[in-house]
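**Q** mmCIF, C-alpha atoms, saved as final37.cif, coming up:
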```
data_structure
#
loop_
_atom_site.label_atom_id
_atom_site.label_comp_id
_atom_site.auth_asym_id
_atom_site.auth_seq_id
_atom_site.Cartn_x
_atom_site.Cartn_y
_atom_site.Cartn_z
CA MET A 1 175.19 29.83 9.76
CA PRO A 2 173.09 28.57 6.84
CA MET A 3 171.81 25.40 8.57
CA LYS A 4 169.93 25.60 11.85
CA GLY A 5 168.92 22.81 14.18
CA ARG A 6 169.63 19.12 14.39
CA PHE A 7 167.89 18.08 11.17
CA PRO A 8 167.80 21.18 9.00
CA VAL A 9 166.17 19.20 6.21
CA ARG A 10 162.92 19.60 8.13
CA ARG A 11 162.99 23.27 7.25
CA THR A 12 163.23 22.78 3.49
CA LEU A 13 160.21 23.40 1.31
CA GLN A 14 160.71 20.14 -0.50
CA TYR A 15 160.50 18.15 2.72
CA LEU A 16 157.48 20.08 3.94
CA SER A 17 155.56 19.69 0.73
CA GLN A 18 156.15 15.94 0.87
CA GLY A 19 153.72 15.66 3.76
CA ASP A 20 150.55 13.96 2.55
CA VAL A 21 148.21 14.45 5.49
CA VAL A 22 145.61 17.08 4.57
CA PHE A 23 142.91 17.23 7.25
CA LYS A 24 139.22 17.45 6.49
CA SER A 25 137.76 20.89 6.94
CA SER A 26 135.99 19.80 10.13
CA VAL A 27 139.26 19.32 12.07
CA LYS A 28 140.14 22.45 14.00
CA VAL A 29 142.60 21.53 16.77
CA MET A 30 145.13 18.76 17.14
CA THR A 31 146.66 18.05 20.56
CA VAL A 32 149.61 15.76 21.18
CA ASN A 33 150.41 14.48 24.67
CA TYR A 34 153.75 12.71 24.87
CA ASN A 35 156.72 12.10 27.17
CA THR A 36 160.27 13.17 26.66
CA ALA A 37 161.66 9.91 28.05
CA GLY A 38 160.64 6.30 27.81
CA GLU A 39 160.57 3.61 25.18
CA LEU A 40 156.83 3.76 24.63
CA SER A 41 156.79 7.43 23.64
CA GLU A 42 159.56 7.00 21.11
CA GLY A 43 157.18 6.87 18.16
CA ALA A 44 155.30 9.90 19.39
CA ARG A 45 158.51 11.84 19.87
CA LYS A 46 159.62 11.04 16.32
CA PHE A 47 156.20 12.00 15.04
CA VAL A 48 156.39 15.36 16.76
CA PHE A 49 159.92 15.96 15.56
CA PHE A 50 159.59 14.90 11.92
CA ASN A 51 155.96 14.83 10.84
CA ILE A 52 154.25 17.68 12.61
CA PRO A 53 156.04 20.38 10.54
CA GLN A 54 154.75 18.67 7.41
CA ILE A 55 151.23 18.51 8.77
CA GLN A 56 151.22 22.14 9.84
CA TYR A 57 152.56 23.18 6.45
CA LYS A 58 149.72 21.44 4.70
CA ASN A 59 147.10 22.61 7.21
CA PRO A 60 147.97 26.16 8.20
CA TRP A 61 144.57 26.77 9.81
CA VAL A 62 144.67 23.81 12.19
CA GLN A 63 145.92 24.64 15.68
CA ILE A 64 148.47 22.11 16.93
CA MET A 65 149.39 21.96 20.62
CA LEU A 66 152.03 19.81 22.27
CA PHE A 67 151.95 18.73 25.92
CA ARG A 68 155.00 17.10 27.44
CA ASN A 69 155.22 14.79 30.46
CA MET A 70 151.66 15.24 31.60
CA THR A 71 150.33 11.72 31.18
CA PRO A 72 151.98 8.32 31.54
CA SER A 73 151.10 7.21 28.03
CA PRO A 74 151.18 9.19 24.76
CA PHE A 75 148.07 9.99 22.73
CA LEU A 76 146.67 12.35 20.11
CA ARG A 77 143.37 14.18 20.42
CA PHE A 78 141.51 15.91 17.60
CA TYR A 79 138.76 18.46 18.17
CA LEU A 80 136.27 18.73 15.32
CA ASP A 81 133.98 21.67 14.70
CA SER A 82 130.94 19.64 15.66
CA GLY A 83 132.38 19.40 19.19
CA GLU A 84 133.36 15.78 18.71
CA GLN A 85 136.73 14.72 20.13
CA VAL A 86 138.69 11.89 18.55
CA LEU A 87 141.23 10.09 20.74
CA VAL A 88 144.09 8.18 19.14
CA ASP A 89 146.31 6.04 21.33
CA VAL A 90 149.86 6.09 19.97
CA GLU A 91 151.66 4.10 22.58
CA ASP A 92 154.00 1.58 21.09
CA LYS A 93 153.63 2.83 17.50
CA THR A 94 156.28 4.13 15.12
CA ASN A 95 155.87 7.60 13.67
CA LYS A 96 155.08 6.19 10.25
CA GLU A 97 152.26 4.13 11.68
CA ILE A 98 150.90 7.16 13.47
CA THR A 99 150.83 9.24 10.28
CA GLU A 100 149.13 6.43 8.39
CA HIS A 101 146.52 6.05 11.09
CA VAL A 102 145.81 9.78 11.22
CA LYS A 103 145.62 10.01 7.46
CA LYS A 104 143.15 7.17 7.36
CA ILE A 105 140.72 8.51 9.93
CA LEU A 106 140.85 12.27 9.39
CA GLY A 107 142.73 12.96 6.20
CA LYS A 108 141.24 13.94 2.87
CA SER A 109 141.34 11.06 0.45
CA LYS A 110 143.33 11.24 -2.76
CA GLU A 111 140.18 11.53 -4.87
CA MET A 112 138.93 14.47 -2.84
CA LEU A 113 142.26 16.24 -3.18
CA GLU A 114 142.29 15.67 -6.91
CA LYS A 115 138.73 16.92 -7.22
CA GLU A 116 139.64 20.09 -5.34
CA GLU A 117 142.69 20.55 -7.51
CA ARG A 118 140.58 20.26 -10.64
CA GLY A 119 138.04 22.72 -9.28
CA ARG A 120 140.80 25.20 -8.57
CA LYS A 121 142.24 24.76 -12.05
CA LYS A 122 138.83 25.35 -13.62
CA LEU A 123 138.59 28.82 -12.12
CA SER A 124 141.64 30.11 -13.95
CA HIS A 125 142.36 29.79 -17.65
CA PRO A 126 145.99 29.06 -18.39
CA ALA A 127 145.92 30.72 -21.80
CA THR A 128 145.15 34.24 -20.56
CA PHE A 129 147.83 36.70 -19.60
CA GLY A 130 147.80 39.57 -17.16
CA PRO A 131 148.94 40.47 -13.63
CA LYS A 132 151.13 37.84 -12.07
CA LYS A 133 148.67 37.37 -9.24
CA TYR A 134 145.98 35.94 -11.49
CA HIS A 135 147.76 34.66 -14.57
CA LEU A 136 150.80 32.66 -15.49
CA ARG A 137 152.25 35.18 -17.94
CA GLU A 138 152.20 38.94 -17.81
CA CYS A 139 152.71 40.03 -21.37
CA MET A 140 151.89 38.55 -24.75
CA CYS A 141 155.56 38.51 -25.63
CA GLU A 142 156.11 35.74 -23.07
CA ILE A 143 153.78 33.30 -24.86
CA GLU A 144 155.45 30.76 -27.11
CA GLY A 145 154.86 31.41 -30.78
CA GLN A 146 154.24 35.13 -30.36
CA VAL A 147 156.45 38.04 -31.28
CA PRO A 148 159.27 38.20 -28.72
CA CYS A 149 159.67 41.17 -26.45
CA PRO A 150 161.37 44.04 -28.31
CA ALA A 151 163.43 44.65 -25.15
CA PHE A 152 165.39 41.48 -25.92
CA VAL A 153 164.99 40.99 -29.67
CA PRO A 154 164.61 44.13 -31.82
CA LEU A 155 161.54 44.11 -34.05
CA PRO A 156 162.09 43.77 -37.81
CA ASN A 157 162.13 47.11 -39.58
CA GLU A 158 158.81 46.53 -41.32
CA MET A 159 157.05 46.63 -37.91
CA ARG A 160 158.78 49.71 -36.60
CA GLY A 161 156.93 52.99 -36.95
CA LYS A 162 160.24 54.87 -37.04
CA TYR A 163 161.36 53.02 -40.16
CA LYS A 164 157.98 53.21 -41.83
CA ALA A 165 157.78 56.95 -41.23
CA ALA A 166 161.32 57.40 -42.60
CA MET A 167 160.39 55.42 -45.70
CA LYS A 168 157.25 57.50 -46.20
CA ASN A 169 159.21 60.73 -45.86
CA GLU A 170 161.80 59.55 -48.27
CA ALA A 171 159.19 58.57 -50.85
CA MET B 1 106.67 68.81 -5.71
CA LEU B 2 110.35 68.55 -6.41
CA ARG B 3 112.66 70.16 -3.94
CA ALA B 4 114.68 71.85 -6.66
CA LEU B 5 111.64 73.69 -7.96
CA ARG B 6 110.76 75.06 -4.57
CA ARG B 7 112.25 78.44 -5.30
CA CYS B 8 109.81 78.92 -8.14
CA ARG B 9 106.93 78.61 -5.69
CA PRO B 10 105.51 81.82 -4.23
CA GLY B 11 106.45 82.23 -0.61
CA PRO B 12 109.51 82.32 1.61
CA VAL B 13 111.98 79.44 1.73
CA PRO B 14 114.55 78.44 4.37
CA LEU B 15 118.03 79.73 3.74
CA PRO B 16 121.31 79.00 5.51
CA ALA B 17 122.70 82.57 5.21
CA LEU B 18 121.24 85.88 4.21
CA PRO B 19 123.21 88.07 1.83
CA PRO B 20 123.92 91.42 3.51
CA ALA B 21 122.02 93.46 0.89
CA LEU B 22 118.80 91.77 1.84
CA GLY B 23 119.40 91.56 5.53
CA PRO B 24 117.93 94.87 6.62
CA GLY B 25 115.22 94.65 3.99
CA LEU B 26 113.16 91.96 5.67
CA GLY B 27 109.53 92.43 5.09
CA PRO B 28 106.60 91.46 7.31
CA GLY B 29 105.92 87.75 7.61
CA LEU B 30 109.53 86.74 7.11
CA GLY B 31 111.37 85.38 10.16
CA PRO B 32 115.10 84.87 10.60
CA GLY B 33 116.39 82.14 8.36
CA LEU B 34 113.72 82.78 5.67
CA CYS B 35 113.83 84.85 2.53
CA PRO B 36 111.54 85.28 -0.49
CA ALA B 37 111.70 82.48 -3.03
CA TRP B 38 112.94 84.82 -5.73
CA ALA B 39 115.81 86.13 -3.56
CA PRO B 40 119.25 85.22 -4.74
CA ARG B 41 120.64 82.30 -2.73
CA ALA B 42 124.33 81.83 -3.08
CA VAL B 43 126.95 80.80 -0.55
CA PRO B 44 130.16 82.69 -1.31
CA VAL B 45 133.23 80.49 -1.99
CA ARG B 46 136.34 81.25 0.08
CA GLY B 47 139.24 82.59 -2.00
CA ARG B 48 142.13 84.63 -0.72
CA LYS B 49 140.18 86.24 2.11
CA THR B 50 139.01 84.63 5.38
CA ARG B 51 135.50 84.91 6.66
CA HIS B 52 136.49 87.89 8.84
CA ASP B 53 137.62 90.08 5.91
CA PRO B 54 135.00 92.48 4.51
CA PRO B 55 133.94 91.96 0.90
CA ALA B 56 135.41 94.32 -1.70
CA LYS B 57 133.77 97.66 -2.53
CA SER B 58 133.26 96.57 -6.13
CA LYS B 59 131.02 93.76 -4.86
CA ALA B 60 128.74 96.08 -2.97
CA GLY B 61 125.76 95.74 -5.27
CA ARG B 62 126.55 92.27 -6.57
CA VAL B 63 123.67 89.91 -6.88
CA LYS B 64 124.70 86.35 -7.61
CA LEU B 65 122.07 84.21 -9.28
CA PRO B 66 122.22 80.42 -9.64
CA PRO B 67 122.18 78.95 -13.17
CA PRO B 68 118.73 78.93 -14.76
CA VAL B 69 116.88 75.65 -14.76
CA ASP B 70 114.23 74.53 -17.16
CA PRO B 71 111.58 72.89 -14.96
CA GLU B 72 110.30 70.47 -17.56
CA GLU B 73 113.76 69.40 -18.57
CA LEU B 74 114.65 69.01 -14.93
CA LEU B 75 111.61 66.89 -14.34
CA VAL B 76 112.38 64.67 -17.28
CA VAL B 77 116.04 64.31 -16.40
CA LEU B 78 115.36 63.53 -12.78
CA GLU B 79 112.74 60.98 -13.71
CA ARG B 80 115.15 59.26 -16.06
CA TYR B 81 117.88 59.19 -13.46
CA ARG B 82 115.50 57.74 -10.94
CA GLN B 83 114.50 54.94 -13.25
CA HIS B 84 118.09 54.23 -14.24
CA ARG B 85 119.23 54.00 -10.64
CA LEU B 86 116.27 51.85 -9.75
CA VAL B 87 117.10 49.38 -12.49
CA LEU B 88 120.79 49.28 -11.59
CA SER B 89 120.25 48.71 -7.91
CA ALA B 90 117.70 46.00 -8.72
CA LEU B 91 120.24 44.26 -10.96
CA ARG B 92 122.92 44.47 -8.28
CA ALA B 93 120.60 43.03 -5.66
CA GLU B 94 119.66 40.25 -8.03
CA PHE B 95 123.28 39.30 -8.71
CA ARG B 96 124.17 39.48 -5.04
CA ALA B 97 121.31 37.17 -4.15
CA GLU B 98 122.35 34.73 -6.86
CA VAL B 99 125.94 34.60 -5.64
CA LEU B 100 124.88 34.08 -2.05
CA GLN B 101 122.51 31.34 -3.08
CA ARG B 102 125.23 29.56 -5.00
CA GLN B 103 127.61 29.81 -2.04
CA ARG B 104 124.97 28.46 0.31
CA GLU B 105 124.26 25.53 -1.97
CA GLU B 106 127.93 24.70 -2.26
CA ARG B 107 128.39 24.84 1.47
CA LEU B 108 125.45 22.54 1.99
CA ALA B 109 126.67 20.09 -0.59
CA ALA B 110 130.17 20.01 0.89
CA GLY B 111 129.00 19.99 4.49
CA GLY B 112 127.04 16.93 5.45
CA SER B 113 126.06 14.47 2.82
CA ALA B 114 124.79 11.17 4.12
CA GLU B 115 127.58 8.96 2.83
CA GLU B 116 130.22 11.29 4.21
CA LEU B 117 128.71 11.05 7.67
CA GLU B 118 128.49 7.31 7.27
CA GLU B 119 132.14 7.17 6.25
CA HIS B 120 133.10 9.34 9.20
CA ARG B 121 131.26 7.09 11.61
CA ARG B 122 132.88 4.02 10.16
CA LEU B 123 136.34 5.54 10.52
CA MET B 124 135.62 6.56 14.09
CA ALA B 125 134.50 3.02 14.86
CA TRP B 126 137.70 1.65 13.35
CA ASN B 127 139.71 4.10 15.44
CA GLU B 128 137.86 2.99 18.57
CA GLU B 129 138.66 -0.59 17.73
CA GLN B 130 142.35 0.22 17.37
CA ASN B 131 142.27 2.04 20.66
CA ALA B 132 140.63 -0.90 22.36
CA ARG B 133 143.27 -3.23 20.98
CA GLN B 134 146.02 -0.95 22.20
CA ARG B 135 144.32 -0.79 25.58
CA ALA B 136 144.26 -4.58 25.78
CA ARG B 137 147.93 -4.77 24.87
CA ARG B 138 148.77 -2.16 27.43
CA GLU B 139 146.86 -3.92 30.16
CA GLU B 140 148.57 -7.16 29.27
CA ARG B 141 151.94 -5.50 29.48
CA LEU B 142 151.14 -3.87 32.82
CA ARG B 143 149.88 -7.15 34.22
CA LYS B 144 153.06 -8.92 33.14
CA GLU B 145 155.16 -6.24 34.66
CA GLU B 146 153.29 -6.52 37.93
CA GLU B 147 153.79 -10.25 38.00
CA GLU B 148 157.44 -9.79 37.25
CA GLN B 149 157.72 -7.35 40.09
CA LYS B 150 156.01 -9.70 42.51
CA ARG B 151 158.21 -12.59 41.49
CA ARG B 152 161.31 -10.52 41.95
CA LYS B 153 160.16 -9.39 45.38
CA LEU B 154 159.49 -12.96 46.37
CA GLU B 155 162.90 -14.07 45.20
CA ILE B 156 164.59 -11.36 47.14
CA ALA B 157 162.66 -12.25 50.25
CA GLU B 158 163.61 -15.91 49.86
CA LYS B 159 167.26 -15.10 49.35
CA GLN B 160 167.14 -12.91 52.37
CA ALA B 161 165.59 -15.67 54.44
CA ARG B 162 168.17 -18.15 53.25
CA LYS B 163 170.98 -15.79 54.09
CA MET B 164 169.52 -15.30 57.51
CA GLU B 165 169.33 -19.04 58.03
CA ALA B 166 172.87 -19.63 56.91
CA PHE B 167 174.08 -16.91 59.20
CA LEU B 168 172.21 -18.36 62.12
CA GLU B 169 173.63 -21.77 61.41
CA GLU B 170 177.12 -20.40 61.30
CA LYS B 171 176.62 -18.73 64.58
CA GLU B 172 175.21 -21.93 66.12
CA LYS B 173 178.21 -23.89 64.94
CA GLU B 174 180.55 -21.37 66.40
CA VAL B 175 178.76 -21.46 69.68
CA LEU B 176 178.92 -25.27 69.82
CA GLN B 177 182.58 -25.24 68.89
CA LEU B 178 183.25 -22.78 71.65
CA GLN B 179 181.37 -24.93 74.06
CA GLU B 180 183.50 -27.86 73.02
CA GLU B 181 186.71 -25.92 73.49
CA ALA B 182 185.52 -24.60 76.79
CA LYS B 183 185.93 -28.06 78.16
CA ASN B 184 189.69 -27.77 77.66
CA PHE B 185 190.08 -24.29 79.05
CA ILE B 186 192.47 -23.57 81.79
CA THR B 187 190.54 -22.06 84.68
CA PRO B 188 191.91 -20.89 88.00
CA GLU B 189 190.57 -24.09 89.56
CA ASN B 190 192.44 -26.56 87.41
CA LEU B 191 195.44 -24.31 86.88
CA GLU B 192 197.56 -26.25 89.33
CA ALA B 193 196.50 -29.60 87.92
CA ARG B 194 197.21 -28.53 84.35
CA ILE B 195 200.62 -27.17 85.24
CA GLU B 196 201.44 -30.45 86.96
CA GLU B 197 200.21 -32.31 83.96
CA CYS B 198 202.34 -30.28 81.55
CA LEU B 199 205.40 -30.67 83.63
CA ASP B 200 204.81 -34.36 83.91
CA ASN B 201 204.45 -34.90 80.16
CA PRO B 202 207.11 -33.02 78.31
CA ARG B 203 206.25 -32.67 74.63
CA ASN B 204 208.87 -32.63 71.99
CA TYR B 205 208.12 -30.18 69.20
CA ASN B 206 211.42 -30.69 67.39
CA PHE B 207 211.64 -32.43 64.07
CA ALA B 208 214.20 -33.06 61.39
CA ILE B 209 213.78 -32.63 57.68
CA ASP B 210 216.05 -33.67 54.86
CA LYS B 211 216.43 -32.33 51.41
CA ASP B 212 213.86 -34.73 50.02
CA GLY B 213 211.20 -33.36 52.33
CA ARG B 214 210.93 -36.30 54.66
CA ILE B 215 209.99 -35.20 58.15
CA VAL B 216 211.32 -37.08 61.15
CA LYS B 217 209.46 -36.38 64.39
CA ARG B 218 211.18 -38.90 66.57
CA THR B 219 214.06 -36.90 67.84
CA VAL B 220 215.87 -36.66 71.07
CA LEU B 221 214.53 -34.18 73.59
CA SER B 222 217.19 -32.46 75.57
#
```
Let me see the file written as structure tokens.

**A**
Amino acid sequence: MPMKGRFPVRRTLQYLSQGDVVFKSSVKVMTVNYNTAGELSEGARKFVFFNIPQIQYKNPWVQIMLFRNMTPSPFLRFYLDSGEQVLVDVEDKTNKEITEHVKKILGKSKEMLEKEERGRKKLSHPATFGPKKYHLRECMCEIEGQVPCPAFVPLPNEMRGKYKAAMKNEA
Amino acid sequence: MLRALRRCRPGPVPLPALPPALGPGLGPGLGPGLCPAWAPRAVPVRGRKTRHDPPAKSKAGRVKLPPPVDPEELLVVLERYRQHRLVLSALRAEFRAEVLQRQREERLAAGGSAEELEEHRRLMAWNEEQNARQRARREERLRKEEEEQKRRKLEIAEKQARKMEAFLEEKEKEVLQLQEEAKNFITPENLEARIEECLDNPRNYNFAIDKDGRIVKRTVLS
């Protein structure tokens, strides 16, 4: 019941986030033509089985289409937003080689990814607190070095209005 | 002149509904839908009663007047509001334009800078090169396979031919052998002669053999 499919590891978040192909913003559609039998399509089959989930996870807005047994030899085709089509012949290649090739021609480079990451980090300040959607912490009591939440650790009597009022009444 | 001060002006003004007290008292020069500027203009608010219920007797002579307005104060206040709103909307438009401008600039910068296009073209060229290499390899492979196929076909044909030849030879040999044997056949013509011959030369098929395996063919025919 808990595990589904032949290689359930493909469904784990850890596996999916290990994919390192992030397409440039100009890539809109990726089409894979491959065959279900034959030695030459073996690499393409493995690519479709193991690497395409990772790619789709990292590029949720790229449309990926698979065509089986339509052509004698396997290939990949990318459609960019300028109308350009990029053909990649994957006959006789292993799935690792295919991913490397694709990453080289249409993937964002490491520097670009890091730059984007930095830009994203600059927008939000990690020291502020507020709603979980925009900040890391919700209340000041969660910040290290601040007074802990009175729900878990009762405040000392000097800070409690109840005690102070009782003292004032007594005096 | 301001619309709000219109009721201070002498003359009739348009009105959505006439209060009943004034209805029959229309003077000359006033058409339907008009009443004197000083006339009370108030739309009654629905409470417990529907529009079809008659108003109460205690309200028979009621004249409802709107709250008094100081014209100068009104002028001043309206003018101030107008200026305030003008300034605010101008500020908003300014900020909106700035944000759009910034977005446009960013999009341009990210979109097509020269070195990016150059890089893209270089990568496409490299891809083309790889494809060409793969094409060459594929053609090589196909050519080899074709040759292999031809060779195999040729081999099969040769083997077939050889088999055919061997078979024919066999058959030839058999035919010759038969021809040879035919010479010794017994036909109705030489039947008599052959019988005579056999009777004349009795053949002895007996032989003796001892425990050591020595065969002796020279035995006595009885």

**Q** Would you list which chain B residues are within 10 Å of chain A using all atoms listed in the file, as a list in words?

**A**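 Written out as asked, the residues are Ala110, Gly111, Glu119, His120, Arg121, Arg122, Leu123, Met124, Ala125, Trp126, Asn127, Glu128, Gln130, Asn131, Ala132, Arg133, Gln134, Arg135, Arg137 and Arg138 of chain B.
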
**Q** What gap, in Å, lies between CA of Pro71 (chain B) and CA of Leu5 (chain B)?

**A**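 For CA of Pro71 (chain B) relative to CA of Leu5 (chain B), the distance reads 7.0 Å.
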
**Q** So that I can check the surroundings of Val32 (chain A), please list as a PDB file with C-alpha atoms, in the frame of the given file every protein, DNA and RNA residue that reaches within 9 Å of it, counting all atoms listed in the file and ignoring chain neighbours fewer than 3 positions away.

**A**
```
ATOM      1  CA  ALA A  44     155.300   9.900  19.390  1.00  0.00           C
ATOM      2  CA  VAL A  48     156.390  15.360  16.760  1.00  0.00           C
ATOM      3  CA  ILE A  64     148.470  22.110  16.930  1.00  0.00           C
ATOM      4  CA  MET A  65     149.390  21.960  20.620  1.00  0.00           C
ATOM      5  CA  LEU A  66     152.030  19.810  22.270  1.00  0.00           C
ATOM      6  CA  PHE A  67     151.950  18.730  25.920  1.00  0.00           C
ATOM      7  CA  ARG A  68     155.000  17.100  27.440  1.00  0.00           C
ATOM      8  CA  PRO A  74     151.180   9.190  24.760  1.00  0.00           C
ATOM      9  CA  PHE A  75     148.070   9.990  22.730  1.00  0.00           C
ATOM     10  CA  LEU A  76     146.670  12.350  20.110  1.00  0.00           C
ATOM     11  CA  ARG A  77     143.370  14.180  20.420  1.00  0.00           C
ATOM     12  CA  PHE A  78     141.510  15.910  17.600  1.00  0.00           C
TER      13      PHE A  78
END
```

**Q** Name the residues in contact with region 192-207 of chain B at a cut-off of 8 Å, using all atoms listed in the file, excluding same-chain residues fewer than 2 positions from it; report them as a PyMOL selection string.

**A** chain B and resi 186+188-190+209+215-219+221

**Q** Give me, please, the distance in Å between CA of Lys96 (chain A) and CA of Gln54 (chain A), quoted to one decimal.

**A**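 CA of Gln54 (chain A) lies 12.8 Å from CA of Lys96 (chain A).
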
**Q** Between CA of Trp61 (chain A) and CA of Phe23 (chain A), what is the distance, to one decimal in Å?

**A**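 It comes out at 10.0 Å.
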
**Q** Give me the residues near region 11-21 of chain A as a PDB file with C-alpha atoms, in the frame of the given file, where near means some atom within 9 Å (using only C-alpha atoms) and where sequence neighbours in that chain fewer than 4 positions away do not count.

**A**
```pdb
ATOM      1  CA  LYS A   4     169.930  25.600  11.850  1.00  0.00           C
ATOM      2  CA  PHE A   7     167.890  18.080  11.170  1.00  0.00           C
ATOM      3  CA  ASN A  51     155.960  14.830  10.840  1.00  0.00           C
ATOM      4  CA  PRO A  53     156.040  20.380  10.540  1.00  0.00           C
ATOM      5  CA  GLN A  54     154.750  18.670   7.410  1.00  0.00           C
ATOM      6  CA  ILE A  55     151.230  18.510   8.770  1.00  0.00           C
ATOM      7  CA  GLN A  56     151.220  22.140   9.840  1.00  0.00           C
ATOM      8  CA  TYR A  57     152.560  23.180   6.450  1.00  0.00           C
ATOM      9  CA  LYS A  58     149.720  21.440   4.700  1.00  0.00           C
ATOM     10  CA  ASN A  59     147.100  22.610   7.210  1.00  0.00           C
ATOM     11  CA  THR A  99     150.830   9.240  10.280  1.00  0.00           C
ATOM     12  CA  GLU A 100     149.130   6.430   8.390  1.00  0.00           C
ATOM     13  CA  VAL A 102     145.810   9.780  11.220  1.00  0.00           C
ATOM     14  CA  LYS A 103     145.620  10.010   7.460  1.00  0.00           C
ATOM     15  CA  LEU A 106     140.850  12.270   9.390  1.00  0.00           C
ATOM     16  CA  GLY A 107     142.730  12.960   6.200  1.00  0.00           C
ATOM     17  CA  LYS A 108     141.240  13.940   2.870  1.00  0.00           C
TER      18      LYS A 108
END
```

**Q** Kindly reconstruct region 91-96 of chain A with all heavy atoms and present the result as a compact mmCIF listing (two decimals), in the frame of the given file.

**A**
```txt
# COMPACT_ATOMS: atom_id res chain seq x y z
N GLU A 91 150.62 4.80 21.84
CA GLU A 91 151.66 4.10 22.58
C GLU A 91 152.17 2.94 21.74
O GLU A 91 151.38 2.25 21.10
CB GLU A 91 151.03 3.55 23.87
CG GLU A 91 152.03 3.13 24.90
CD GLU A 91 151.33 2.80 26.20
OE1 GLU A 91 150.14 2.53 26.14
OE2 GLU A 91 151.98 2.84 27.24
N ASP A 92 153.46 2.75 21.74
CA ASP A 92 154.00 1.58 21.09
C ASP A 92 153.83 1.58 19.57
O ASP A 92 153.75 0.52 18.95
CB ASP A 92 153.28 0.33 21.63
CG ASP A 92 154.30 -0.74 21.97
OD1 ASP A 92 155.49 -0.49 21.75
OD2 ASP A 92 153.89 -1.81 22.43
N LYS A 93 153.76 2.77 18.95
CA LYS A 93 153.63 2.83 17.50
C LYS A 93 154.79 3.63 16.96
O LYS A 93 155.24 4.59 17.60
CB LYS A 93 152.35 3.55 17.10
CG LYS A 93 151.09 2.76 17.29
CD LYS A 93 149.98 3.38 16.47
CE LYS A 93 148.73 2.58 16.66
NZ LYS A 93 147.56 3.36 16.82
N THR A 94 155.24 3.31 15.74
CA THR A 94 156.28 4.13 15.12
C THR A 94 155.62 5.36 14.49
O THR A 94 154.41 5.39 14.28
CB THR A 94 157.00 3.35 14.03
OG1 THR A 94 156.04 3.03 13.03
CG2 THR A 94 157.61 2.10 14.58
N ASN A 95 156.47 6.34 14.15
CA ASN A 95 155.87 7.60 13.67
C ASN A 95 155.21 7.40 12.32
O ASN A 95 154.21 8.05 11.99
CB ASN A 95 156.92 8.72 13.62
CG ASN A 95 157.98 8.45 12.59
OD1 ASN A 95 158.19 7.32 12.18
ND2 ASN A 95 158.67 9.49 12.18
N LYS A 96 155.71 6.45 11.54
CA LYS A 96 155.08 6.19 10.25
C LYS A 96 153.67 5.63 10.45
O LYS A 96 152.71 6.04 9.79
CB LYS A 96 155.93 5.17 9.50
CG LYS A 96 155.91 5.44 8.01
CD LYS A 96 157.01 4.71 7.32
CE LYS A 96 156.74 4.66 5.83
NZ LYS A 96 156.61 5.97 5.23
```
